[in-house]
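**Q** Would you mind keeping the following structure in view while I ask a few things?
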Amino acid sequence: MESLCGQGAAFHADQSCNDERPVAISSFALESEPDCIDGGGNYDIVNNAVVSTPGVQSSKTQNAALKQSWEMNYQEAAIYLQEGENNDKFFTHPRNPKALAAYLFAHNHLFYMMELVTGLLLLLLSLCEAPAVPSLRLDIYVHATLELLALLLVAFELCMKLRWLGFHTFIRHKRTMVKTCVLLLQFVEAFVVLIRQTSHMRVTRALRPIFLVDCRYCGAVRRNLRQIFQSLPSFIDILLLLLFFMVIFAILGFCLFSTNTADPYFNSLENSLVSLFVLLTTANFPDVMMPAYSKNRWSCVFFIVYLSIELYFIMNLLLAVVFDTFNDVEKMKFKSLLLHKCSAIDHAFQLLVSRQVRGLLLVQIICFLSRSRRFLLTFNCAAVSLSLQRPMGVSLKQFDGLMRFYRPRMSARDRFLTFKALNTSGAPMLSLQEFYKFYEVIGLKWKPRRSREHWFDDLPHTAFLIFKGIHLVVKSKAFQYAMYVVVAINGVWILVETFRMDSGYSWSEFVPLSYIVFLTIYGVEVLLKIAGLGPLAYFSSGWNLFDFSVTVFAFLGLIALAFNMEPFYFIVVLRPFQLLRLFKIKQRYRNVLDTMFELFPRMASLGLTLIIFYYSFAIVGMEFFADMVYPNCCNTSTVAESYRQINKTYGNKTVLEEGYYYLNNFNDILSSFVTLFELTVVNNWYITMEGVTSMTSHWSRLYFMTFYIVTMVVMTIIVAFILDAFVFRMNFSRKNRDPVDNPEDENGIVFEVEVGREEVLATLELYKQTCPSVSSLSSLSAVLQAMDKSGHTSLVYLGRRSRTKSDLSIKMYEEEIQEWYAEYSSECLPQGDENLNVDQSGPVVADPSPSQEQPLDSQGGRHSIN
């Protein structure tokens with residue numbers, strides 16, 4: 001979130017606001033009451049707050065107070081919109097000036113970076129704490145001091161949050177309370193380590209990821225964890241069914257096969273349960289079956305039935321149930337976020353609308369009465385509202401004031417164009433219905449639309465004909481499919497070359513002729529497209545960027561081969577990436593690739609979620625199993641051969657035979673991560689489990705089984721997420737069958753705004769009064785200069801942004817969204833508003849006509865913020 005208190009947010013005195021009053025007063029200003037006796041002016045009473053209006057004796061003072069009131073409204077409206085964007089709950093909204101100062105301090109990128117660095121530092125301390133990575137070991141005094149400093153920073157962050165939220169809200173915030181409890185526990189343990197100058201068993205270090213998860217930059221991780229917990233009830237139901245059948249089969253297996261003394265898998269009920277649990281992962285199959293199968297061939301029926309029920313039915317049923325739950329959770333999450341944004345816009349809109357003052361005499365009378373009878377204020381608010389016009393909307397001046405806080409770095413031109421994009425009706429003010437589109441247009445990047453059709457239109461006639469011909473060639477279907485054929489031939493040629501290579505092949509021997517030929521073709525294609533489309537149009541396409549990058553890397557690989565630069569030979573391996581271009585031909589392949597690209601950010605957050613689980617289990621594993629596994633250990637175990645390290649002599653030759661599984665240990669955090677990843681893959685994972693169990697206790701199996709269940713939950717969620725994203729994309733494609741002539745066209749979301757010279761001049765005059773800074777005026781002056789240069793009285797600007805899943809969801813759930821909006825409006829609209837307008841693209845809103853005036857009460861109604 002951009003800083004709401006930056007220099008760009010400073011608002012200058014408004015000379016034209018004498019006749020405009022904010023409908024709602026910011027909660028930041030409610031603590032300071034104006035003096036009705038000595039002010040020397042008139043007063044307006046709005047939302048139970050007294051607002052001064054300019055009088056004859058102190059107009060400058062009253063203008064300054066009114067300007068400050070608007071500025072506070074702009075700031076609070078920006079905070080509401082940021083809370084809607086970040087899905088922050090409104091009960092954490094700052095309610096007074098002191099809370100606002102702490103809120104602004106805690107909501108800037110420097111503070112977020114401090115949170116992130118502190119969380120990472122606490123996690124990285126495990127590299128140098130015992131059991132430490134040998135090359136990174138630090139003295140106890142050093143790492144304990146670093147830990148205390150990091151914990152002090154966390155305590156400072158929580159103090160800022162306490163000052164911002166207040167004590168009662170602070171203790172209601174569950175995540176913050178958990179973080180506080182963990183902080184206190186970590187403080188005590190760090191002091192004990194520092195005083196005793198020796199480390200003890202600190203399993204609580206596994207809770208350190210809480211500090212990282214609570215960071216603003218890890219919001220996606222928190223959403224993943226929330227979805228995992230929301231999916232747990234249905235997951236646990238199926239898991240209990242799976243464990244029930246496992247216990248039944250364990251008892252049956254023990255009764256059937258325990259009489260076989262050569263069968264170590266079912267000689268006790270505990271071993272039967274463990275063997276069947278491992279069999280669920282297929283890691284010990286068919287080894288677990290062979291002793292019984294050697295005695296009786298019909299014993300295979302037991303294992304076939306078990307695997308059919310547990311592995312092929314219940315496990316797939318588990319995925320189906322989790323996928324269904326995940327799908328519902330995703331839809332409800334989208335609904336919650338959408339309505340939360342609507343509510344944030346409602347709050348911001350109420351703070352931004354203004355109304356003209358009428359009947360000042362009545363206001364003065366009420367203010368006079370309020371000086372003597374303070375309790376009349378609440379009653380008189382309704383009377384005052386009857387003498388005032390109903391708010392019509394948000395003007396450009398108020399919208400600009402909002403954007404100075406919400407996007408301090410946005411230019412005046414972009415703020416004006418954003419207002420124009422919202423103002424679809426062409427009225428002087430934005431209605432609430434139009435303001436609901438705020439989040440759709442706020443991320444647009446504005447550029448003037450070129451009046452020329454092609455970049456080469458102004459070139460001399462001969463050059464124009466040349467580039468026009470190149471343009472027609474590169475846009476033709478024949479050229480595109482010809483390049484697809486070249487890419488396919490290149491792929492076949494790479495396979496043939498690779499197949500003919502022997503193990504002694506060296507890239508430095510010669511440069512393949514085919515490499516030069518195909519690279520030349522790709523280079524010519526890039527040059528032709530840049531010349532025909534123009535650099536801006538060419539590099540605006542993601543596929544063109546991909547082709548350009550692969551071609552450049554291939555050229556670098558050719559240089560590495562030609563000049564025998566051995567460290568860079570790996571670049572040559574990137575050549576097959578050109579084959580991905582073939583997937584643009586078919587719509588289904590494009591859907592798959594689009595889904596892959598959309599999944600990358602979310603997959604990164606899911607990967608970080610998995611790493612957090614790894615970290616917690618690694619800490620527990622190090623505390624209990626460090627230095628337990630070593631070469632030639634586990635001699636009493638059935639997996640002793642896997643840990644063997646002995647020299648054997650064959651004739652005159654001595655060979656070292658190693659089982660290598662002693663490398664899968666928990667001696668430090670890095671080794672633990674590798675071991676846990678091997679356990680996630682589950683191939684032969686029982687060997688690691690049995691090796692550790694033989695050196696510790698049979699209760700150690702609970703650690704490995706719990707880890708398998710947790711990773712199964714996370715991996716099932718990941719699979720469900722991939723399925724949901726792909727199915728969503730396919731359903732969206734079926735529902736919206738828009739013909740795509742060129743698969744390389746990627747326009748995303750595009751808004752078009754036309755601005756006239758008179759509009760720009762009027763806006764420029766407004767900025768000279770409200771914000772006469774050089775930077776603000778220069779961007780608008782540039783628009784006038786562009787009009788003068790082109791000779792036109794108007795310009796068309798295009799606002800573009802990439803398409804997100806939220807955009808697809810809005811179109812996909814169009815019918816459901818109307819029901820959600822109707823439900824939201826019925827709950828949030830005042831009961832007195834009977835005339836409602838239903839827009840197909842927005843919430844149900846009240847008819848804003850002045851004839852339907854209703855008093856706005858701070859204690860109830862749609863726009864209450866206090």
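Chain labels run A, B, ... following the order of the structure tokens; each chain numbers its residues from 1, and ligands are numbered from 1 in the order shown.
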Taking the backbone alone, and naming residues the way the document does, which bits of range 680-806 of chain A are alpha helix (DSSP H) by DSSP, as number ranges by chain?

**A** A: 680-681, 685-695, 701-735, 757-770, 774-790, 805-806

**Q** Take the residues from that selection and put them in a file with C-alpha atoms, as an mmCIF file, in the first residue's frame.

**A**
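File written: again.cif
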```cif
data_model
loop_
_atom_site.group_PDB
_atom_site.id
_atom_site.type_symbol
_atom_site.label_atom_id
_atom_site.label_comp_id
_atom_site.auth_asym_id
_atom_site.auth_seq_id
_atom_site.Cartn_x
_atom_site.Cartn_y
_atom_site.Cartn_z
ATOM 1 C CA THR A 680 7.255 -35.812 0.723
ATOM 2 C CA VAL A 681 8.118 -37.800 -2.412
ATOM 3 C CA TRP A 685 10.455 -43.010 3.020
ATOM 4 C CA TYR A 686 9.886 -45.837 5.489
ATOM 5 C CA ILE A 687 13.636 -46.580 5.412
ATOM 6 C CA THR A 688 14.355 -43.175 6.932
ATOM 7 C CA MET A 689 11.531 -43.658 9.431
ATOM 8 C CA GLU A 690 12.653 -47.120 10.521
ATOM 9 C CA GLY A 691 16.293 -46.035 10.772
ATOM 10 C CA VAL A 692 15.446 -43.179 13.139
ATOM 11 C CA THR A 693 12.985 -45.359 15.058
ATOM 12 C CA SER A 694 15.627 -48.055 15.662
ATOM 13 C CA MET A 695 17.951 -45.437 17.202
ATOM 14 C CA ARG A 701 6.975 -43.049 13.935
ATOM 15 C CA LEU A 702 4.272 -40.564 14.978
ATOM 16 C CA TYR A 703 6.492 -37.707 13.773
ATOM 17 C CA PHE A 704 6.885 -39.182 10.292
ATOM 18 C CA MET A 705 3.243 -40.225 9.976
ATOM 19 C CA THR A 706 2.052 -36.795 11.094
ATOM 20 C CA PHE A 707 4.351 -35.166 8.565
ATOM 21 C CA TYR A 708 2.954 -37.376 5.807
ATOM 22 C CA ILE A 709 -0.641 -36.462 6.725
ATOM 23 C CA VAL A 710 0.154 -32.721 6.871
ATOM 24 C CA THR A 711 1.960 -32.755 3.527
ATOM 25 C CA MET A 712 -0.882 -34.812 2.078
ATOM 26 C CA VAL A 713 -3.291 -32.047 3.149
ATOM 27 C CA VAL A 714 -1.123 -29.315 1.621
ATOM 28 C CA MET A 715 -0.429 -31.233 -1.591
ATOM 29 C CA THR A 716 -4.124 -32.082 -1.953
ATOM 30 C CA ILE A 717 -4.932 -28.369 -1.606
ATOM 31 C CA ILE A 718 -2.318 -27.587 -4.284
ATOM 32 C CA VAL A 719 -3.810 -30.184 -6.638
ATOM 33 C CA ALA A 720 -7.317 -28.875 -5.914
ATOM 34 C CA PHE A 721 -6.128 -25.354 -6.645
ATOM 35 C CA ILE A 722 -4.641 -26.381 -9.997
ATOM 36 C CA LEU A 723 -7.828 -28.261 -10.897
ATOM 37 C CA ASP A 724 -10.002 -25.335 -9.852
ATOM 38 C CA ALA A 725 -7.953 -22.853 -11.895
ATOM 39 C CA PHE A 726 -7.991 -25.053 -15.004
ATOM 40 C CA VAL A 727 -11.701 -25.940 -14.743
ATOM 41 C CA PHE A 728 -12.522 -22.271 -14.134
ATOM 42 C CA ARG A 729 -10.565 -21.249 -17.236
ATOM 43 C CA MET A 730 -12.241 -23.933 -19.376
ATOM 44 C CA ASN A 731 -15.732 -23.021 -18.132
ATOM 45 C CA PHE A 732 -15.020 -19.348 -18.750
ATOM 46 C CA SER A 733 -13.877 -20.141 -22.299
ATOM 47 C CA ARG A 734 -17.055 -22.124 -22.964
ATOM 48 C CA LYS A 735 -19.278 -19.394 -21.531
ATOM 49 C CA ARG A 757 -9.534 21.227 -24.716
ATOM 50 C CA GLU A 758 -12.106 23.087 -22.621
ATOM 51 C CA GLU A 759 -12.189 20.264 -20.059
ATOM 52 C CA VAL A 760 -8.423 20.315 -19.701
ATOM 53 C CA LEU A 761 -8.356 24.115 -19.340
ATOM 54 C CA ALA A 762 -11.069 24.018 -16.653
ATOM 55 C CA THR A 763 -9.228 21.246 -14.816
ATOM 56 C CA LEU A 764 -5.970 23.174 -15.080
ATOM 57 C CA GLU A 765 -7.620 26.213 -13.496
ATOM 58 C CA LEU A 766 -8.945 24.019 -10.708
ATOM 59 C CA TYR A 767 -5.461 22.676 -10.006
ATOM 60 C CA LYS A 768 -4.016 26.178 -9.970
ATOM 61 C CA GLN A 769 -6.377 26.932 -7.089
ATOM 62 C CA THR A 770 -6.149 23.679 -5.171
ATOM 63 C CA VAL A 774 4.791 22.496 -10.898
ATOM 64 C CA SER A 775 4.593 18.701 -11.074
ATOM 65 C CA SER A 776 0.786 18.716 -10.954
ATOM 66 C CA LEU A 777 0.389 21.381 -13.622
ATOM 67 C CA SER A 778 3.065 20.037 -15.962
ATOM 68 C CA SER A 779 1.276 16.751 -16.701
ATOM 69 C CA LEU A 780 -1.936 18.591 -17.630
ATOM 70 C CA SER A 781 -0.031 21.197 -19.612
ATOM 71 C CA ALA A 782 1.500 18.355 -21.590
ATOM 72 C CA VAL A 783 -2.010 17.339 -22.687
ATOM 73 C CA LEU A 784 -2.615 20.838 -24.071
ATOM 74 C CA GLN A 785 0.730 20.794 -25.820
ATOM 75 C CA ALA A 786 -0.128 17.440 -27.423
ATOM 76 C CA MET A 787 -3.417 18.923 -28.682
ATOM 77 C CA ASP A 788 -1.598 21.938 -30.134
ATOM 78 C CA LYS A 789 0.956 19.692 -31.809
ATOM 79 C CA SER A 790 -1.683 17.411 -33.360
ATOM 80 C CA LYS A 805 -8.789 -13.732 -12.084
ATOM 81 C CA SER A 806 -11.049 -11.270 -10.309
#
```

**Q** Please identify the strand (DSSP E or B) residues within range 455-676 of chain A (assignment by DSSP from backbone atoms) and present them as a ChimeraX atom specification.

**A** /A:645-650,653-658

**Q** Can those selected residues be exported to a file as a compact mmCIF listing (two decimals), in the first residue's frame so that it contains all heavy atoms?

**A**
```
# COMPACT_ATOMS: atom_id res chain seq x y z
N GLN A 645 28.12 -48.88 5.67
CA GLN A 645 29.28 -48.25 5.02
C GLN A 645 30.52 -49.09 5.38
O GLN A 645 31.17 -48.87 6.39
CB GLN A 645 29.46 -46.80 5.49
CG GLN A 645 30.54 -46.05 4.71
CD GLN A 645 30.78 -44.66 5.26
OE1 GLN A 645 30.89 -44.48 6.48
NE2 GLN A 645 30.88 -43.67 4.38
N ILE A 646 30.83 -50.05 4.52
CA ILE A 646 31.93 -50.97 4.79
C ILE A 646 32.77 -51.16 3.54
O ILE A 646 32.32 -50.92 2.41
CB ILE A 646 31.40 -52.34 5.26
CG1 ILE A 646 30.48 -52.96 4.19
CG2 ILE A 646 30.69 -52.23 6.60
CD1 ILE A 646 30.01 -54.37 4.55
N ASN A 647 34.01 -51.58 3.75
CA ASN A 647 34.91 -51.90 2.65
C ASN A 647 34.85 -53.39 2.38
O ASN A 647 35.00 -54.20 3.30
CB ASN A 647 36.35 -51.50 2.99
CG ASN A 647 36.53 -49.99 3.05
OD1 ASN A 647 35.98 -49.28 2.22
ND2 ASN A 647 37.28 -49.52 4.05
N LYS A 648 34.66 -53.75 1.14
CA LYS A 648 34.62 -55.16 0.74
C LYS A 648 35.70 -55.40 -0.31
O LYS A 648 35.90 -54.58 -1.21
CB LYS A 648 33.25 -55.53 0.18
CG LYS A 648 32.18 -55.66 1.26
CD LYS A 648 30.92 -56.29 0.72
CE LYS A 648 29.89 -56.50 1.82
NZ LYS A 648 28.66 -57.14 1.32
N THR A 649 36.36 -56.55 -0.17
CA THR A 649 37.46 -56.89 -1.08
C THR A 649 37.00 -57.96 -2.05
O THR A 649 36.49 -59.02 -1.64
CB THR A 649 38.68 -57.39 -0.29
OG1 THR A 649 39.08 -56.37 0.65
CG2 THR A 649 39.83 -57.68 -1.23
N TYR A 650 37.18 -57.66 -3.32
CA TYR A 650 36.86 -58.60 -4.38
C TYR A 650 38.16 -58.88 -5.14
O TYR A 650 38.59 -58.10 -5.99
CB TYR A 650 35.81 -58.04 -5.33
CG TYR A 650 34.48 -57.74 -4.66
CD1 TYR A 650 34.20 -56.47 -4.18
CD2 TYR A 650 33.53 -58.74 -4.50
CE1 TYR A 650 33.00 -56.19 -3.57
CE2 TYR A 650 32.31 -58.47 -3.88
CZ TYR A 650 32.06 -57.20 -3.42
OH TYR A 650 30.86 -56.93 -2.80
N LYS A 653 40.88 -56.04 -5.43
CA LYS A 653 40.24 -54.74 -5.47
C LYS A 653 39.35 -54.56 -4.25
O LYS A 653 38.53 -55.42 -3.94
CB LYS A 653 39.41 -54.59 -6.75
CG LYS A 653 38.82 -53.20 -6.95
CD LYS A 653 38.07 -53.15 -8.28
CE LYS A 653 37.49 -51.78 -8.52
NZ LYS A 653 36.75 -51.71 -9.81
N THR A 654 39.53 -53.43 -3.56
CA THR A 654 38.71 -53.09 -2.39
C THR A 654 37.70 -52.03 -2.79
O THR A 654 38.06 -50.99 -3.36
CB THR A 654 39.58 -52.56 -1.24
OG1 THR A 654 40.55 -53.56 -0.90
CG2 THR A 654 38.71 -52.24 -0.03
N VAL A 655 36.45 -52.30 -2.48
CA VAL A 655 35.35 -51.41 -2.87
C VAL A 655 34.61 -50.96 -1.61
O VAL A 655 34.34 -51.78 -0.72
CB VAL A 655 34.38 -52.10 -3.84
CG1 VAL A 655 33.24 -51.18 -4.20
CG2 VAL A 655 35.12 -52.56 -5.09
N LEU A 656 34.32 -49.65 -1.56
CA LEU A 656 33.53 -49.12 -0.46
C LEU A 656 32.06 -49.22 -0.83
O LEU A 656 31.60 -48.62 -1.80
CB LEU A 656 33.90 -47.66 -0.19
CG LEU A 656 33.09 -46.95 0.91
CD1 LEU A 656 33.31 -47.61 2.27
CD2 LEU A 656 33.43 -45.46 0.97
N GLU A 657 31.32 -49.99 -0.06
CA GLU A 657 29.88 -50.13 -0.30
C GLU A 657 29.12 -49.29 0.71
O GLU A 657 29.32 -49.43 1.92
CB GLU A 657 29.47 -51.60 -0.18
CG GLU A 657 30.02 -52.47 -1.29
CD GLU A 657 29.41 -53.87 -1.27
OE1 GLU A 657 28.66 -54.15 -0.31
OE2 GLU A 657 29.69 -54.64 -2.20
N GLU A 658 28.29 -48.41 0.18
CA GLU A 658 27.54 -47.49 1.03
C GLU A 658 26.05 -47.62 0.75
O GLU A 658 25.63 -47.78 -0.40
CB GLU A 658 27.96 -46.03 0.78
CG GLU A 658 29.38 -45.72 1.25
CD GLU A 658 29.68 -44.25 1.10
OE1 GLU A 658 29.96 -43.81 -0.03
OE2 GLU A 658 29.61 -43.52 2.11
```

**Q** Just the number, please: distance in Å from CA of Phe349 in chain A to CA of Met429 in chain A, one decimal.

**A** 11.6 Å

**Q** Please list as a list of chain:residue names every residue within 12 Å of Gly219 in chain A, counting only C-alpha atoms and excluding residues in the same chain fewer than 6 positions away.

**A**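 Everything that qualifies: A:Asn86, A:Asn87, A:Asp88, A:Tyr112, A:Leu116, A:Leu212, A:Val213, A:Leu225, A:Arg226, A:Arg602, A:Ser605, A:Leu606, A:Leu608, A:Thr609.
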
**Q** Return the single residue from A:Asn96, A:Ser234, A:Asn284, A:Asn73 that is closest to Asn683 in chain A, with distances computed using only C-alpha atoms.

**A**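 Between A:Asn96, A:Ser234, A:Asn284, A:Asn73, the residue approaching Asn683 in chain A most closely is A:Asn284.
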
**Q** Please report the interatomic distance between CA of Arg803 in chain A and CA of Asp214 in chain A in Å with one decimal.

**A** 28.2 Å

**Q** As an MDAnalysis selection string, please: the residues near range 101-107 of chain A (cut-off 12 Å, only C-alpha atoms, same-chain neighbours under 6 positions excluded).

**A** chainID A and resid 1:6 28 75:76 78:79 82:83 86 88 92:95 113:115 156:166 215:217 405
